[in-house]
Every structure is written in structure tokens, then in C-alpha cells.
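Q: Just one file: data21.cif, with mmCIF, C-alpha atoms.
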data_my_file
#
loop_
_atom_site.label_atom_id
_atom_site.label_comp_id
_atom_site.auth_asym_id
_atom_site.auth_seq_id
_atom_site.Cartn_x
_atom_site.Cartn_y
_atom_site.Cartn_z
CA ARG E 140 136.01 98.61 78.99
CA SER E 141 134.89 95.66 81.06
CA LYS E 142 137.11 92.68 81.71
CA SER E 143 134.27 90.23 81.05
CA PHE E 144 130.52 90.06 80.74
CA VAL E 145 127.69 87.62 81.39
CA LEU E 146 124.44 87.67 79.43
CA SER E 147 121.43 86.04 81.09
CA ALA E 148 117.65 85.99 80.86
CA GLY E 149 115.92 86.81 84.13
CA GLY E 150 112.96 88.18 86.00
CA LYS E 151 111.25 87.00 89.18
CA GLY E 152 109.01 84.45 87.48
CA ILE E 153 111.83 83.21 85.28
CA ASN E 154 114.02 82.75 88.33
CA VAL E 155 111.30 80.67 90.00
CA SER E 156 111.04 78.45 86.93
CA ARG E 157 114.83 78.13 86.79
CA ALA E 158 114.94 77.08 90.45
CA ILE E 159 112.27 74.43 89.82
CA LEU E 160 114.19 73.02 86.85
CA ASN E 161 117.43 72.97 88.83
CA ALA E 162 115.73 71.19 91.73
CA ALA E 163 114.26 68.63 89.31
CA ASP E 164 117.81 67.65 88.34
CA GLY E 165 116.86 66.20 84.99
CA ARG E 166 113.56 64.66 86.04
CA ASP E 167 110.43 65.59 84.11
CA VAL E 168 108.43 68.41 85.69
CA ASP E 169 105.07 69.78 84.62
CA LEU E 170 106.17 73.40 84.42
CA VAL E 171 104.48 76.18 82.46
CA THR E 172 106.29 79.53 82.25
CA VAL E 173 104.22 82.43 80.89
CA ALA E 174 105.90 85.73 79.99
CA PRO E 175 105.15 88.79 77.83
CA VAL E 176 107.70 88.86 75.01
CA GLY E 177 108.30 91.40 72.25
CA GLY E 178 110.94 92.63 69.84
CA ALA E 179 114.35 91.23 68.93
CA SER E 180 115.37 91.29 72.59
CA GLY E 181 112.35 89.12 73.38
CA GLY E 182 113.42 86.57 70.78
CA MET E 183 116.91 86.43 72.28
CA PHE E 184 115.37 86.08 75.75
CA CYS E 185 113.34 83.01 74.76
CA ALA E 186 116.24 81.44 72.83
CA MET E 187 118.48 81.72 75.88
CA LEU E 188 115.87 80.11 78.12
CA GLU E 189 115.24 77.30 75.66
CA GLU E 190 118.97 76.53 75.77
CA GLU E 191 118.51 76.05 79.51
CA GLY E 192 115.65 73.64 78.89
CA MET E 193 112.88 76.08 79.78
CA ASN E 194 109.98 76.38 77.36
CA VAL E 195 108.32 79.78 77.55
CA THR E 196 104.67 80.35 76.72
CA ARG E 197 105.01 83.69 74.94
CA ILE E 198 102.48 86.49 75.20
CA PRO E 199 103.32 88.64 72.15
CA ILE E 200 103.49 92.35 72.93
CA ALA E 201 104.43 95.32 70.75
CA ALA E 202 107.26 96.71 72.87
CA PRO E 203 110.69 95.06 72.97
CA LEU E 204 111.70 93.29 76.15
CA ARG E 205 113.82 95.55 78.33
CA ILE E 206 117.55 95.02 78.85
CA ASN E 207 119.07 95.87 82.22
CA VAL E 208 122.78 96.41 82.86
CA SER E 209 124.74 95.72 86.04
CA ALA E 210 128.31 97.08 86.31
CA ILE E 211 130.43 95.43 89.03
CA PRO E 212 133.71 97.28 89.68
CA ASP E 213 136.79 95.84 91.35
CA GLU E 214 136.33 98.47 94.04
CA GLY E 215 133.34 100.51 95.12
CA GLU E 216 129.62 99.88 94.77
CA ASP E 217 127.85 98.03 91.99
CA CYS E 218 125.78 100.10 89.56
CA GLU E 219 122.49 98.87 88.12
CA ILE E 220 120.76 100.54 85.17
CA ASN E 221 117.21 99.21 84.86
CA ALA E 222 115.27 100.12 81.74
CA PRO E 223 111.53 100.86 81.99
CA GLY E 224 109.32 97.81 81.56
CA ALA E 225 107.30 97.20 78.43
CA GLU E 226 103.63 98.14 78.29
CA MET E 227 100.86 95.52 78.14
CA THR E 228 97.48 96.35 76.61
CA ALA E 229 94.15 95.05 77.89
CA ALA E 230 94.18 92.54 75.02
CA ASP E 231 97.70 91.39 75.98
CA LEU E 232 96.58 90.91 79.57
CA LYS E 233 93.49 88.94 78.52
CA THR E 234 95.66 86.66 76.38
CA ALA E 235 98.04 86.07 79.28
CA GLU E 236 95.19 85.34 81.68
CA ASP E 237 93.57 82.88 79.27
CA ARG E 238 96.89 81.07 78.74
CA ILE E 239 97.51 80.83 82.47
CA LEU E 240 94.05 79.70 83.51
CA SER E 241 93.78 77.18 80.66
CA ASN E 242 96.79 75.38 82.14
CA VAL E 243 95.61 75.44 85.76
CA ALA E 244 93.98 72.44 87.41
CA GLU E 245 93.06 71.59 90.97
CA GLY E 246 96.13 71.06 93.12
CA ASP E 247 98.47 73.02 90.86
CA VAL E 248 100.70 75.79 92.20
CA VAL E 249 100.71 79.14 90.41
CA CYS E 250 103.37 81.77 91.14
CA ILE E 251 102.53 85.38 90.23
CA CYS E 252 105.83 87.24 90.29
CA GLY E 253 107.19 90.70 89.68
CA SER E 254 105.83 94.20 89.34
CA CYS E 255 102.80 95.13 87.27
CA PRO E 256 103.76 96.19 83.72
CA LYS E 257 102.72 99.58 82.39
CA GLY E 258 99.05 99.54 81.55
CA VAL E 259 98.20 96.92 84.21
CA ALA E 260 96.36 97.97 87.38
CA LYS E 261 98.01 97.28 90.73
CA SER E 262 94.88 95.36 91.68
CA TYR E 263 95.41 92.79 88.94
CA PRO E 264 97.54 90.26 90.90
CA ALA E 265 94.67 90.01 93.41
CA VAL E 266 92.18 89.48 90.56
CA LEU E 267 94.30 86.77 88.97
CA CYS E 268 94.89 85.17 92.38
CA ALA E 269 91.14 84.83 92.93
CA ALA E 270 90.70 83.23 89.49
CA VAL E 271 93.53 80.78 90.18
CA LYS E 272 92.14 79.78 93.58
CA ASP E 273 88.68 79.40 92.07
CA LYS E 274 90.16 76.53 90.04
CA GLY E 275 91.35 74.82 93.22
CA ALA E 276 95.01 75.75 92.75
CA VAL E 277 97.48 77.15 95.27
CA CYS E 278 98.53 80.75 94.60
CA VAL E 279 101.88 82.30 95.51
CA ILE E 280 102.41 86.04 95.02
CA ASP E 281 105.85 87.66 94.96
CA CYS E 282 105.39 91.39 94.48
CA ASP E 283 105.53 94.47 96.67
CA GLY E 284 103.99 97.85 97.32
CA GLU E 285 100.37 98.56 96.46
CA ALA E 286 99.95 95.34 94.49
CA LEU E 287 100.96 93.27 97.53
CA ARG E 288 98.74 95.31 99.85
CA LEU E 289 95.70 94.84 97.63
CA ALA E 290 96.36 91.10 97.28
CA ALA E 291 96.96 90.48 100.99
CA GLY E 292 93.99 92.63 101.97
CA SER E 293 91.54 91.10 99.50
CA ALA E 294 88.65 88.77 100.30
CA CYS E 295 90.57 85.98 98.57
CA PRO E 296 94.20 86.45 99.61
CA PRO E 297 97.06 84.33 98.22
CA ASP E 298 98.07 81.12 99.97
CA TYR E 299 101.67 82.33 100.21
CA ILE E 300 103.49 85.63 99.87
CA LYS E 301 107.28 86.12 99.77
CA PRO E 302 108.27 89.69 100.62
CA ASN E 303 111.71 90.58 101.88
CA ALA E 304 111.94 92.07 105.38
CA GLY E 305 111.61 95.65 104.16
CA GLU E 306 108.64 94.86 101.92
CA LEU E 307 106.99 92.96 104.79
CA ALA E 308 107.36 95.92 107.16
CA ALA E 309 105.93 98.23 104.50
CA LEU E 310 103.00 95.83 104.00
CA CYS E 311 102.19 95.90 107.71
CA ALA E 312 102.22 99.69 107.65
CA ASP E 313 100.06 99.77 104.53
CA LEU E 314 97.55 97.44 106.22
CA GLY E 315 97.40 99.79 109.22
CA MET E 316 99.26 97.50 111.63
CA GLU E 317 102.13 98.21 113.98
CA THR E 318 105.48 96.94 112.77
CA GLY E 319 108.08 94.97 114.67
CA ASP E 320 110.76 92.50 113.68
CA ALA E 321 110.31 90.15 110.73
CA ALA E 322 108.80 87.39 112.88
CA ASP E 323 106.21 89.72 114.42
CA ASN E 324 105.36 91.20 111.04
CA ALA E 325 104.89 87.75 109.50
CA ARG E 326 102.56 86.71 112.30
CA ALA E 327 100.64 89.98 111.99
CA VAL E 328 100.04 89.54 108.25
CA CYS E 329 98.94 85.93 108.78
CA GLY E 330 96.51 87.11 111.42
CA LYS E 331 95.22 89.88 109.18
CA THR E 332 94.28 87.32 106.52
CA GLY E 333 92.56 85.11 109.06
CA GLY E 334 95.26 82.46 108.73
CA LYS E 335 94.66 82.11 104.99
CA THR E 336 98.11 83.35 103.95
CA ALA E 337 101.47 81.90 104.94
CA VAL E 338 104.37 84.36 104.93
CA ILE E 339 107.86 83.47 103.76
CA THR E 340 110.29 86.35 104.08
CA THR E 341 113.96 86.93 103.43
CA LEU E 342 116.56 88.99 105.25
CA GLU E 343 119.13 90.31 102.80
CA ALA E 344 119.94 87.45 100.41
CA VAL E 345 119.37 84.59 102.85
CA VAL E 346 116.04 82.84 103.32
CA VAL E 347 115.44 82.94 107.05
CA ALA E 348 111.70 82.54 107.31
CA VAL E 349 109.63 79.43 107.59
CA THR E 350 105.94 78.82 107.97
CA VAL E 351 104.41 76.55 110.54
CA VAL E 352 101.23 74.56 110.09
CA VAL E 353 101.48 75.32 106.40
CA ALA E 354 98.62 73.01 105.45
CA GLN E 355 96.23 75.10 107.51
CA ARG E 356 98.19 78.32 106.89
CA THR E 357 97.55 79.40 110.46
CA ALA E 358 100.87 81.04 111.26
CA GLY E 359 103.90 82.58 109.65
CA ILE E 360 107.19 82.76 111.50
CA ALA E 361 110.40 84.47 110.51
CA ALA E 362 113.41 83.27 112.53
#
Can you give me the file's structure in the form of C-alpha cells?
A:
Amino acid sequence: RSKSFVLSAGGKGINVSRAILNAADGRDVDLVTVAPVGGASGGMFCAMLEEEGMNVTRIPIAAPLRINVSAIPDEGEDCEINAPGAEMTAADLKTAEDRILSNVAEGDVVCICGSCPKGVAKSYPAVLCAAVKDKGAVCVIDCDGEALRLAAGSACPPDYIKPNAGELAALCADLGMETGDAADNARAVCGKTGGKTAVITTLEAVVVAVTVVVAQRTAGIAA
């Protein structure tokens, strides 16, 4: 039996939206949060976020939203049990894309966060990134593995990526580059994209990377 519990709605994109709302500190912000939602767990998810002041643009899917459990003992290591993600069909994905792009205007910032759901190709973040940039918006991608490699190596790479140090080293290796420390890896990825992508990376739980000449996106430095 646990001594206490905390129930919260999360996910990479949700956490970005939450950070934006917290930074706004009560001021109005033009924020659109799009998420696939299904089942009773999905309804609870949206209700919890609405209590926080976050309106979610729901993409209805058949599968219930997954519930993950973290057990934190008084002694020893934490234990996380992550359920498999829900599947999205081609129709679900088209609905999500239409909702996203219909809200995007020139100068907006779009964050594409998290892993690809079941049924969605790893190349899709790169495809959506190109569509977002075609509208004159800034695109930020926060994913890893093959999806990040395909996005960073595409003809239309994202304006910003935010891997952690391990993900950044793996990206360099996947792109066929030698790996070094986080700073060297950030510079290498920026160079690989021809200066089109700025790299922000984290070491452990602390943000330690900054970009320089961000407007031109000519260099990424991790300190």
C-alpha cells in the first residue's frame, strides 16, 4: 500500500503547453494543444487539463489513453510501468494534421513532441515539419531515434531540436558523424543541417545547452 499518490495528465507536448501557461502567469496566450484522446481515461485526461486552464483540441481515437504508473519507494530505485501507446489510424492522423495546420499562421511556433504512435511512420514528424514550415511557422521537434534522424536529415529540417545528451550522441552516430561531448555533437548536427537547425540539449534533468545566433540558426553550443 502506498502512503500517498498523485494523479496527473502528462506527455511531452502537454508538458510544453503547461510550461507556456505557467510562464504566462495569468496573461492571455494564443496556445493550441492538439492530442489524440480516446476512452474513459482520455476523458479524465482532458478534464484534468481543463482544470489547469489548458484547452485540448481532441483527436478522437478508438483506443483508450494509456495510464503509466511510477512507484517511488523510501529506499531503492524508482519503478516505472509504462503502458503501450494507443494506435492511430491514417484517418486519425489526417484529422490531427488538418487541425494543426488550420491553426498555423506565419510566425507561429509549432512543437512536435513525443514518440510516433502505433500506426504512424517514423518519417511523419519530418513530413509534418515541412508542412508547418511551408506556412511560414517555426518548427520545434522533440523526439528521438529514427524519427529524429529522419527529421534532422531531411531537406527541410526543423528550426530547433531538443534531444538530451544521449539522444544527441545517438543522432550523430545515426547521421554517420563522429561523436564527442555534447557541445561538439550540437555543433556537428548544426553543421549537418547547413545551419538550418539550432540544437538545445539537456544533461540529466538540467538544461545546459544554449544556441548562439539563433535568428540565423548558424551554431548550436552545449556548455
Q: Could you expand the PyMOL selection byres ((chain E and resi 194) around 12) into the explicit residues it covers here, written as a list in words?
A: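 Checked against the file, the PyMOL selection byres ((chain E and resi 194) around 12) matches Ile153, Ser156, Arg157, Leu160, Val168, Asp169, Leu170, Val171, Thr172, Val173, Ala174, Phe184, Cys185, Ala186, Met187, Leu188, Glu189, Glu190, Glu191, Gly192, Met193, Val195, Thr196 and Arg197 of chain E.
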Q: Emit the selected residues as a JSON list (two decimals), in the coordinates of the input, including C-alpha atoms.
A:
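part.json, written as the output of this step:
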[["chain", "number", "residue", "atom", "x", "y", "z"],
["E", 153, "ILE", "CA", 111.83, 83.21, 85.28],
["E", 156, "SER", "CA", 111.04, 78.45, 86.93],
["E", 157, "ARG", "CA", 114.83, 78.13, 86.79],
["E", 160, "LEU", "CA", 114.19, 73.02, 86.85],
["E", 168, "VAL", "CA", 108.43, 68.41, 85.69],
["E", 169, "ASP", "CA", 105.07, 69.78, 84.62],
["E", 170, "LEU", "CA", 106.17, 73.40, 84.42],
["E", 171, "VAL", "CA", 104.48, 76.18, 82.46],
["E", 172, "THR", "CA", 106.29, 79.53, 82.25],
["E", 173, "VAL", "CA", 104.22, 82.43, 80.89],
["E", 174, "ALA", "CA", 105.90, 85.73, 79.99],
["E", 184, "PHE", "CA", 115.37, 86.08, 75.75],
["E", 185, "CYS", "CA", 113.34, 83.01, 74.76],
["E", 186, "ALA", "CA", 116.24, 81.44, 72.83],
["E", 187, "MET", "CA", 118.48, 81.72, 75.88],
["E", 188, "LEU", "CA", 115.87, 80.11, 78.12],
["E", 189, "GLU", "CA", 115.24, 77.30, 75.66],
["E", 190, "GLU", "CA", 118.97, 76.53, 75.77],
["E", 191, "GLU", "CA", 118.51, 76.05, 79.51],
["E", 192, "GLY", "CA", 115.65, 73.64, 78.89],
["E", 193, "MET", "CA", 112.88, 76.08, 79.78],
["E", 195, "VAL", "CA", 108.32, 79.78, 77.55],
["E", 196, "THR", "CA", 104.67, 80.35, 76.72],
["E", 197, "ARG", "CA", 105.01, 83.69, 74.94]]
Q: Would you mind listing what lies within 10 Å of E:Gly182 as a list in words, with all atoms listed in the file counted and same-chain residues fewer than 6 positions away left out?
A: Val176, Arg197, Pro203 and Leu204 of chain E
Q: Run through the PyMOL selection byres ((chain E and resi 269-273) around 12) on the given coordinates and return the selected residues as an mmCIF file with C-alpha atoms, keeping the file's coordinate frame.
A:
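Saved the output as out_6.cif:
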data_model
loop_
_atom_site.group_PDB
_atom_site.id
_atom_site.type_symbol
_atom_site.label_atom_id
_atom_site.label_comp_id
_atom_site.auth_asym_id
_atom_site.auth_seq_id
_atom_site.Cartn_x
_atom_site.Cartn_y
_atom_site.Cartn_z
ATOM 1 C CA GLU E 236 95.190 85.340 81.680
ATOM 2 C CA ASP E 237 93.570 82.880 79.270
ATOM 3 C CA ARG E 238 96.890 81.070 78.740
ATOM 4 C CA ILE E 239 97.510 80.830 82.470
ATOM 5 C CA LEU E 240 94.050 79.700 83.510
ATOM 6 C CA SER E 241 93.780 77.180 80.660
ATOM 7 C CA ASN E 242 96.790 75.380 82.140
ATOM 8 C CA VAL E 243 95.610 75.440 85.760
ATOM 9 C CA ALA E 244 93.980 72.440 87.410
ATOM 10 C CA GLU E 245 93.060 71.590 90.970
ATOM 11 C CA GLY E 246 96.130 71.060 93.120
ATOM 12 C CA ASP E 247 98.470 73.020 90.860
ATOM 13 C CA VAL E 248 100.700 75.790 92.200
ATOM 14 C CA VAL E 249 100.710 79.140 90.410
ATOM 15 C CA CYS E 250 103.370 81.770 91.140
ATOM 16 C CA ILE E 251 102.530 85.380 90.230
ATOM 17 C CA SER E 262 94.880 95.360 91.680
ATOM 18 C CA TYR E 263 95.410 92.790 88.940
ATOM 19 C CA PRO E 264 97.540 90.260 90.900
ATOM 20 C CA ALA E 265 94.670 90.010 93.410
ATOM 21 C CA VAL E 266 92.180 89.480 90.560
ATOM 22 C CA LEU E 267 94.300 86.770 88.970
ATOM 23 C CA CYS E 268 94.890 85.170 92.380
ATOM 24 C CA LYS E 274 90.160 76.530 90.040
ATOM 25 C CA GLY E 275 91.350 74.820 93.220
ATOM 26 C CA ALA E 276 95.010 75.750 92.750
ATOM 27 C CA VAL E 277 97.480 77.150 95.270
ATOM 28 C CA CYS E 278 98.530 80.750 94.600
ATOM 29 C CA VAL E 279 101.880 82.300 95.510
ATOM 30 C CA ILE E 280 102.410 86.040 95.020
ATOM 31 C CA LEU E 289 95.700 94.840 97.630
ATOM 32 C CA ALA E 290 96.360 91.100 97.280
ATOM 33 C CA ALA E 291 96.960 90.480 100.990
ATOM 34 C CA SER E 293 91.540 91.100 99.500
ATOM 35 C CA ALA E 294 88.650 88.770 100.300
ATOM 36 C CA CYS E 295 90.570 85.980 98.570
ATOM 37 C CA PRO E 296 94.200 86.450 99.610
ATOM 38 C CA PRO E 297 97.060 84.330 98.220
ATOM 39 C CA ASP E 298 98.070 81.120 99.970
ATOM 40 C CA TYR E 299 101.670 82.330 100.210
ATOM 41 C CA LYS E 335 94.660 82.110 104.990
#
Q: Restricting the calculation to all atoms listed in the file, which member of E:Ala312, E:Val328, E:Ala162, E:Ala322 is positioned closest to E:Ile300?
A: E:Val328
Q: Find, counting only C-alpha atoms, the residue in E:Ser143, E:Thr340, E:Ser209, E:Ser254 that gets nearest to E:Glu226.
A: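 So, comparing all the options, the nearest one is E:Ser254.
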Q: Report, in Å to a single decimal, how far apart atom CA of E:Ala201 and atom CA of E:Gly178 are.
A: 7.1 Å
Q: Kindly indicate which residue among E:Gly150, E:Gly333, E:Gly258, E:Gly315 lies nearest to E:Cys282, using all atoms listed in the file for the distances.
A: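 Smallest separation from E:Cys282 among the options: E:Gly150.
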Q: Using Å and a single decimal, report how far atom CA of E:Lys151 sits from atom CA of E:Asp281.
A: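 A separation of 7.9 Å between them.
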Q: Could you list, with a cut-off of 9 Å and counting all atoms listed in the file, the residues of stretch 141-191 of chain E near stretch 212-225 of chain E, each shown with its nearest atom pair and the distance in Å rounded to one decimal, rows sorted by chain and ascending number, as JSON lines?
A:
{"residue": "E:Ser141", "atom": "CA", "partner": "E:Pro212", "partner_atom": "CA", "distance": 8.8}
{"residue": "E:Pro175", "atom": "CA", "partner": "E:Ala225", "partner_atom": "CA", "distance": 8.7}
{"residue": "E:Gly177", "atom": "CA", "partner": "E:Ala225", "partner_atom": "CA", "distance": 8.5}
Q: State, in Å with one decimal place, the distance from atom CA of E:Leu287 to atom CA of E:Glu306.
A: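 If I compute the distance from atom CA of E:Leu287 to atom CA of E:Glu306, I get 9.0 Å.
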Q: Return as lines of an AutoDock Vina configuration file the centre and edge lengths, in Å with one decimal, of the box along x, y and z that encloses every atom of stretch 175-190 of chain E in the file, padded by 4 Å per side.
A:
center_x = 112.1
center_y = 84.6
center_z = 73.5
size_x = 21.8
size_y = 24.1
size_z = 17.2
Q: When distances are computed from only C-alpha atoms, which of E:Gly181, E:Gly284, E:Gly292, E:Pro199 shows the smallest separation from E:Lys233?
A: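 For E:Lys233, the nearest of the given residues is E:Pro199.
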Q: Evaluate the PyMOL selection byres ((chain E and resi 311) around 10) here and jot the selected residues down as a list of chain:residue names.
A: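 Given this file, the PyMOL selection byres ((chain E and resi 311) around 10) evaluates to E:Arg288, E:Glu306, E:Leu307, E:Ala308, E:Ala309, E:Leu310, E:Ala312, E:Asp313, E:Leu314, E:Gly315, E:Met316, E:Glu317, E:Thr318, E:Gly319, E:Asp323, E:Asn324, E:Ala325, E:Ala327, E:Val328, E:Lys331.
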